[in-house]
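Shown next: run-v2.tsv, given as TSV, C-alpha atoms.
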```
chain	number	residue	atom	x	y	z
A	21	MET	CA	108.77	97.45	104.37
A	22	LEU	CA	107.80	101.10	103.95
A	23	HIS	CA	108.91	103.24	106.89
A	24	ILE	CA	106.86	106.44	107.17
A	25	VAL	CA	108.57	109.18	109.19
A	26	ASN	CA	106.65	112.37	110.04
A	27	LYS	CA	108.87	114.15	112.57
A	28	SER	CA	111.58	116.72	112.01
A	29	PRO	CA	114.94	115.37	113.25
A	30	GLN	CA	115.06	118.49	115.46
A	31	GLU	CA	111.91	117.37	117.25
A	32	LYS	CA	112.41	113.63	117.71
A	33	ASN	CA	114.99	111.01	116.81
A	34	CYS	CA	112.52	108.92	114.78
A	35	LEU	CA	114.56	109.23	111.60
A	36	ASP	CA	117.77	108.06	113.27
A	37	ALA	CA	115.90	105.17	114.88
A	38	CYS	CA	114.28	104.30	111.57
A	39	LEU	CA	117.55	104.39	109.60
A	40	GLY	CA	119.13	102.21	112.28
A	41	VAL	CA	116.40	99.58	112.09
A	42	ALA	CA	115.47	99.59	108.38
A	43	THR	CA	116.84	96.55	106.57
A	44	ASP	CA	118.62	96.76	103.20
A	45	GLY	CA	116.24	97.42	100.32
A	46	ALA	CA	113.53	98.95	102.52
A	47	ALA	CA	111.79	102.18	101.57
A	48	VAL	CA	111.65	105.29	103.76
A	49	LEU	CA	109.09	108.03	103.09
A	50	LEU	CA	109.45	111.41	104.77
A	51	ILE	CA	106.16	113.26	105.29
A	52	GLU	CA	104.98	116.29	107.28
A	53	ASP	CA	107.84	117.88	109.28
A	54	ALA	CA	110.22	115.02	108.42
A	55	VAL	CA	110.68	116.56	104.96
A	56	TYR	CA	113.20	119.03	106.44
A	57	ALA	CA	115.68	116.15	106.75
A	58	ALA	CA	115.87	115.90	102.96
A	59	THR	CA	116.91	119.51	102.37
A	60	THR	CA	120.37	120.89	101.59
A	61	GLY	CA	122.28	122.11	104.62
A	62	HIS	CA	120.24	120.11	107.10
A	63	PRO	CA	122.41	117.97	109.43
A	64	ALA	CA	120.24	114.91	108.69
A	65	ALA	CA	120.75	115.23	104.93
A	66	ALA	CA	124.23	113.66	105.22
A	67	LYS	CA	122.71	110.64	106.99
A	68	LEU	CA	120.24	110.19	104.15
A	69	GLU	CA	123.01	110.50	101.57
A	70	GLN	CA	124.90	107.80	103.44
A	71	ALA	CA	121.80	105.56	103.54
A	72	GLN	CA	120.84	105.95	99.87
A	73	SER	CA	123.02	103.03	98.75
A	74	ARG	CA	121.01	100.53	100.81
A	75	LEU	CA	117.57	102.18	101.22
A	76	LYS	CA	115.07	103.72	98.82
A	77	LEU	CA	114.41	107.25	100.05
A	78	TYR	CA	111.29	109.28	99.24
A	79	VAL	CA	109.76	112.55	100.35
A	80	LEU	CA	106.15	113.73	100.01
A	81	ARG	CA	106.36	116.68	97.61
A	82	PRO	CA	103.19	118.52	98.76
A	83	ASP	CA	104.59	118.64	102.32
A	84	LEU	CA	107.96	119.85	101.00
A	85	GLU	CA	106.20	122.57	98.98
A	86	ALA	CA	103.98	123.57	101.92
A	87	ARG	CA	107.17	124.36	103.85
A	88	GLY	CA	108.79	126.30	101.02
A	89	MET	CA	111.55	123.68	100.71
A	90	ALA	CA	110.87	122.28	97.23
A	91	ASP	CA	113.98	123.87	95.69
A	92	ARG	CA	116.25	122.52	98.42
A	93	LEU	CA	115.60	118.80	97.98
A	94	ILE	CA	118.79	116.70	98.01
A	95	ALA	CA	119.47	114.35	95.08
A	96	ALA	CA	119.52	111.22	97.30
A	97	VAL	CA	115.77	111.50	97.91
A	98	THR	CA	112.96	111.10	95.34
A	99	ALA	CA	109.89	113.35	95.57
A	100	VAL	CA	106.45	111.69	95.23
A	101	ASP	CA	102.89	113.04	95.38
A	102	TYR	CA	100.04	111.41	97.34
A	103	GLY	CA	99.51	108.98	94.44
A	104	GLY	CA	103.13	107.92	94.83
A	105	PHE	CA	102.59	107.53	98.58
A	106	VAL	CA	99.67	105.19	97.84
A	107	ASP	CA	101.80	103.20	95.36
A	108	LEU	CA	104.55	102.80	97.97
A	109	ALA	CA	102.03	101.72	100.61
A	110	ALA	CA	100.52	99.20	98.19
A	111	GLU	CA	103.95	97.81	97.34
A	112	HIS	CA	105.21	97.43	100.93
A	113	THR	CA	103.80	96.73	104.37
A	114	CYS	CA	103.80	100.01	106.31
A	115	GLN	CA	105.37	101.12	109.55
A	116	SER	CA	104.65	104.65	110.83
A	117	TRP	CA	107.30	106.10	113.15
A	118	LEU	CA	105.09	108.26	115.35
B	10	MET	CA	94.08	96.70	97.38
B	11	LYS	CA	92.23	97.18	100.67
B	12	PHE	CA	93.61	99.90	102.95
B	13	GLY	CA	92.77	100.38	106.60
B	14	ILE	CA	93.53	103.83	108.01
B	15	LEU	CA	94.20	104.70	111.66
B	16	VAL	CA	93.94	108.37	112.67
B	17	ASN	CA	95.33	109.21	116.14
B	18	GLU	CA	95.28	113.02	116.09
B	19	GLY	CA	92.55	115.64	116.09
B	20	PRO	CA	91.82	118.10	113.29
B	21	TYR	CA	93.54	121.52	113.07
B	22	GLN	CA	96.00	120.63	115.86
B	23	HIS	CA	98.26	118.40	113.80
B	24	GLN	CA	98.66	117.63	110.13
B	25	SER	CA	97.84	113.94	110.45
B	26	ALA	CA	94.08	114.38	109.91
B	27	ASP	CA	94.86	116.16	106.62
B	28	SER	CA	97.51	113.62	105.60
B	29	ALA	CA	95.12	110.72	106.28
B	30	TYR	CA	92.31	112.33	104.28
B	31	LEU	CA	94.56	113.14	101.30
B	32	PHE	CA	95.95	109.58	101.38
B	33	CYS	CA	92.40	108.16	101.33
B	34	LYS	CA	91.45	110.39	98.40
B	35	ALA	CA	94.53	109.43	96.40
B	36	ALA	CA	93.98	105.72	97.14
B	37	LEU	CA	90.36	105.92	95.97
B	38	GLU	CA	91.40	107.78	92.82
B	39	LYS	CA	93.78	104.93	92.06
B	40	GLY	CA	90.97	102.40	92.38
B	41	HIS	CA	91.93	101.03	95.79
B	42	GLU	CA	89.40	100.33	98.51
B	43	ILE	CA	89.39	102.01	101.93
B	44	HIS	CA	88.18	99.23	104.18
B	45	ARG	CA	87.73	101.47	107.22
B	46	VAL	CA	89.05	104.65	108.83
B	47	PHE	CA	89.43	104.17	112.56
B	48	PHE	CA	89.64	107.27	114.78
B	49	TYR	CA	91.48	106.72	118.05
B	50	HIS	CA	92.87	108.93	120.85
B	51	ASP	CA	92.44	112.64	119.93
B	52	GLY	CA	91.53	111.45	116.43
B	53	VAL	CA	87.94	111.09	117.69
B	54	ASN	CA	87.66	114.90	117.47
B	55	ASN	CA	87.52	114.43	113.68
B	56	ALA	CA	83.95	113.23	114.29
B	57	SER	CA	82.55	116.24	116.16
B	58	ARG	CA	79.46	117.66	114.48
B	59	LEU	CA	79.97	120.87	116.52
B	60	THR	CA	83.14	121.82	114.62
B	61	GLU	CA	82.76	125.19	112.88
B	62	PRO	CA	85.94	126.33	111.14
B	63	PRO	CA	86.07	129.76	109.44
B	64	GLN	CA	84.48	129.75	105.99
B	65	ASP	CA	87.78	130.18	104.15
B	66	ASP	CA	89.34	127.19	105.94
B	67	ARG	CA	88.93	123.53	105.05
B	68	ASN	CA	86.16	121.76	106.96
B	69	ILE	CA	87.94	118.59	108.04
B	70	VAL	CA	84.88	116.98	109.65
B	71	LYS	CA	82.63	117.66	106.66
B	72	ARG	CA	85.33	116.37	104.33
B	73	TRP	CA	85.25	112.98	106.09
B	74	THR	CA	81.43	112.94	105.94
B	75	GLN	CA	81.50	113.64	102.20
B	76	LEU	CA	84.13	110.95	101.64
B	77	ALA	CA	81.92	108.46	103.50
B	78	GLU	CA	78.83	109.48	101.51
B	79	GLU	CA	80.55	109.38	98.12
B	80	HIS	CA	82.51	106.17	98.59
B	81	GLY	CA	80.62	104.32	101.31
B	82	ILE	CA	83.60	104.33	103.66
B	83	ASP	CA	83.16	103.04	107.19
B	84	LEU	CA	84.26	105.80	109.61
B	85	VAL	CA	84.58	104.30	113.09
B	86	VAL	CA	85.21	106.22	116.30
B	87	CYS	CA	86.62	104.44	119.36
B	88	VAL	CA	83.94	104.54	122.06
B	89	ALA	CA	86.23	104.87	125.09
B	90	ALA	CA	88.39	107.57	123.47
B	91	ALA	CA	85.22	109.38	122.32
B	92	LEU	CA	83.45	109.39	125.69
B	93	ARG	CA	86.58	110.70	127.40
B	94	ARG	CA	86.51	113.67	125.03
B	95	GLY	CA	82.77	114.32	125.02
B	96	ILE	CA	82.08	112.82	121.60
B	97	LYS	CA	78.71	111.05	121.80
B	98	GLU	CA	75.93	109.99	119.46
B	99	GLU	CA	74.23	113.37	119.93
B	100	ASN	CA	77.17	115.35	118.55
B	101	LEU	CA	78.54	112.77	116.13
B	102	ALA	CA	78.90	114.04	112.55
B	103	ALA	CA	77.07	112.22	109.74
B	104	GLY	CA	78.86	109.24	108.25
B	105	PHE	CA	80.64	108.29	111.50
B	106	ARG	CA	79.69	105.51	113.89
B	107	ILE	CA	80.86	104.79	117.42
B	108	SER	CA	82.24	101.33	118.10
B	109	GLY	CA	85.09	99.58	119.85
B	110	LEU	CA	88.72	98.62	119.34
B	111	GLY	CA	87.59	95.30	117.91
B	112	GLN	CA	86.87	97.23	114.72
B	113	LEU	CA	90.53	98.26	114.53
B	114	VAL	CA	91.64	94.67	115.05
B	115	GLU	CA	89.20	93.55	112.35
B	116	THR	CA	90.68	96.09	109.92
B	117	GLY	CA	94.13	94.76	110.70
B	118	ILE	CA	92.91	91.32	109.71
B	119	GLU	CA	90.73	92.18	106.73
B	120	ALA	CA	92.68	95.02	105.08
B	121	ASP	CA	95.85	94.31	103.09
B	122	ARG	CA	97.57	97.30	104.69
B	123	VAL	CA	96.98	99.49	107.73
B	124	VAL	CA	98.50	102.96	107.47
B	125	THR	CA	98.75	104.97	110.70
B	126	PHE	CA	98.61	108.76	110.87
B	127	GLY	CA	99.29	110.55	114.14
B	128	ASP	CA	101.72	112.59	116.15
```
How would this structure read if it were set down as structure tokens?
Amino acid sequence: MLHIVNKSPQEKNCLDACLGVATDGAAVLLIEDAVYAATTGHPAAAKLEQAQSRLKLYVLRPDLEARGMADRLIAAVTAVDYGGFVDLAAEHTCQSWL
Amino acid sequence: MKFGILVNEGPYQHQSADSAYLFCKAALEKGHEIHRVFFYHDGVNNASRLTEPPQDDRNIVKRWTQLAEEHGIDLVVCVAAALRRGIKEENLAAGFRISGLGQLVETGIEADRVVTFGD
């Protein structure tokens, strides 16, 4: 399963809910405002670092760059472009956390 | 692979219309098929022919029309959501058609994946 999260953790608790529900081996892709969670110093970054052993974590690089956060990406999360997003969606069934 | 796309948010208000379009483009570039893009809730505003963004801004409505023309993609607008928001045949942008939720269900059955974009 690919979980697509598009909300900043400051706005909604989608990411927490997603991390709580996602089963081992699932993929989580952070897009739009959710990319803030994968940046150094963000309170949610520690949760992602904790989850990296059981989940595959990705962030959409164009959205990270659009927010000026590209140089603050944490090591636990892999950056992908839209092509990578498509590959992930092709590989897994998709669940958007709106 | 066949992708179905659901767009629940209007253009310029939220990023989801842009994200959905860029996903479609990337999928087509990779040789995948977009089975249908279904516009629901405020997403129906993506189909307004009356949209006139400033010249230096992206034209989200025209972008969808061009995608439909170039790749033969079925752009479907939910009739009930559209009528609530004043989207009718007379102001529907080229490449879009108005139909019902059955078209979303059909995409769920016929496409390999449905990817939802919204707020």
Exercise for the section: To one decimal in Å, tell me the separation between CA of Asp91 in chain A and CA of Ala47 in chain A. Expected result: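 One can read the CA of Asp91 in chain A to CA of Ala47 in chain A distance as 22.6 Å.
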Exercise for the section: Can you pull out every residue within 10 Å of Leu49 in chain A, counting only C-alpha atoms, but drop anything in the same chain fewer than 6 positions away, and send it as a PyMOL selection string? Expected result: chain A and resi 22-26+55+76-80+97-100+105+108-109+116
Practice task
Between CA of Val88 in chain B and CA of Pro62 in chain B, measure the distance and give it in Å to one decimal.
Solution key: 24.5 Å
Quick one: which chain B residues come within 10 Å of chain A, and what is the nearest atom pair for each with the distance in Å to one decimal, counting all atoms listed in the file, rows ordered by chain and ascending number, as a tab-separated table?
```
residue	atom	partner	partner_atom	distance
B:Met10	CA	A:Ala110	CA	7.0
B:Lys11	CA	A:Ala110	CA	8.9
B:Phe12	CA	A:Ala110	CA	8.4
B:Asn17	CA	A:Leu118	CA	9.8
B:His23	CA	A:Glu52	CA	9.6
B:Gln24	CA	A:Glu52	CA	7.1
B:Ser25	CA	A:Glu52	CA	8.2
B:Ser28	CA	A:Glu52	CA	8.1
B:Leu31	CA	A:Tyr102	CA	7.0
B:Phe32	CA	A:Tyr102	CA	6.0
B:Cys33	CA	A:Val106	CA	8.6
B:Lys34	CA	A:Tyr102	CA	8.7
B:Ala35	CA	A:Gly103	CA	5.4
B:Ala36	CA	A:Val106	CA	5.8
B:Leu37	CA	A:Val106	CA	9.5
B:Glu38	CA	A:Gly103	CA	8.4
B:Lys39	CA	A:Gly103	CA	7.4
B:His41	CA	A:Val106	CA	9.0
B:Asp121	CA	A:Ala110	CA	8.4
B:Arg122	CA	A:Thr113	CA	6.3
B:Val123	CA	A:Cys114	CA	7.0
B:Val124	CA	A:Cys114	CA	6.2
B:Thr125	CA	A:Ser116	CA	5.9
B:Phe126	CA	A:Ser116	CA	7.3
B:Gly127	CA	A:Leu118	CA	6.4
B:Asp128	CA	A:Leu118	CA	5.5
```
Practice task
Anything within 10 Å of (119.1, 108.0, 100.9): list those residues as a list in words, counting only C-alpha atoms and sticking to the file's coordinates.
Solution key: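 Nearby residues: Leu39, Ala47, Val48, Ala58, Ala65, Ala66, Lys67, Leu68, Glu69, Gln70, Ala71, Gln72, Ser73, Arg74, Leu75, Lys76, Leu77, Tyr78, Ile94, Ala95, Ala96, Val97 and Thr98 of chain A.
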Handout entry: For CA of Arg87 in chain A and CA of Tyr56 in chain A, the interatomic separation in Å (one decimal)
Key =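 A separation of 8.5 Å between them.
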Problem - Using all atoms listed in the file: which of A:Arg81, A:Pro29, A:His62, A:Met21 has the shortest distance to Ala42 in chain A - result: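 When distances to Ala42 in chain A are compared using all atoms listed in the file, the smallest one comes from A:Met21.
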Problem - Best match for closeness to Ser57 in chain B among B:Glu115, B:Val70, B:His80, B:Ser108, counting all atoms listed in the file - result: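 Of B:Glu115, B:Val70, B:His80, B:Ser108, the one nearest Ser57 in chain B, counting all atoms listed in the file, is B:Val70.
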Handout entry: Spatial neighbours of Asn54 in chain B, max dist 8 Å, all atoms listed in the file, sep filter under 3 positions, as a count of residues only
Key = 8
Exercise for the section: Write out as a count of residues only the residues lying within 12 Å of Glu61 in chain B, counting all atoms listed in the file and excluding same-chain residues fewer than 5 positions away. Expected result: 10
Let me have the centre and edge lengths of the axis-aligned box enclosing all listed atoms of range 102-121 of chain B with 4 Å padding on every side, in Å to one decimal, as lines of an AutoDock Vina configuration file.
```
center_x = 86.5
center_y = 102.7
center_z = 111.5
size_x = 26.8
size_y = 30.7
size_z = 24.8
```
Problem - Selected residue of minimal separation from Ile14 in chain B among B:Ala77, B:Leu59, B:Leu101, B:Ala29, counting only C-alpha atoms - result: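 The closest residue to Ile14 in chain B is B:Ala29.
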Problem - B:Asp27, B:Asp83, B:Glu42, B:Glu78 ranked by distance to Arg106 in chain B, top pick (using all atoms listed in the file) - result: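 Using all atoms listed in the file, Arg106 in chain B sits closest to B:Asp83.
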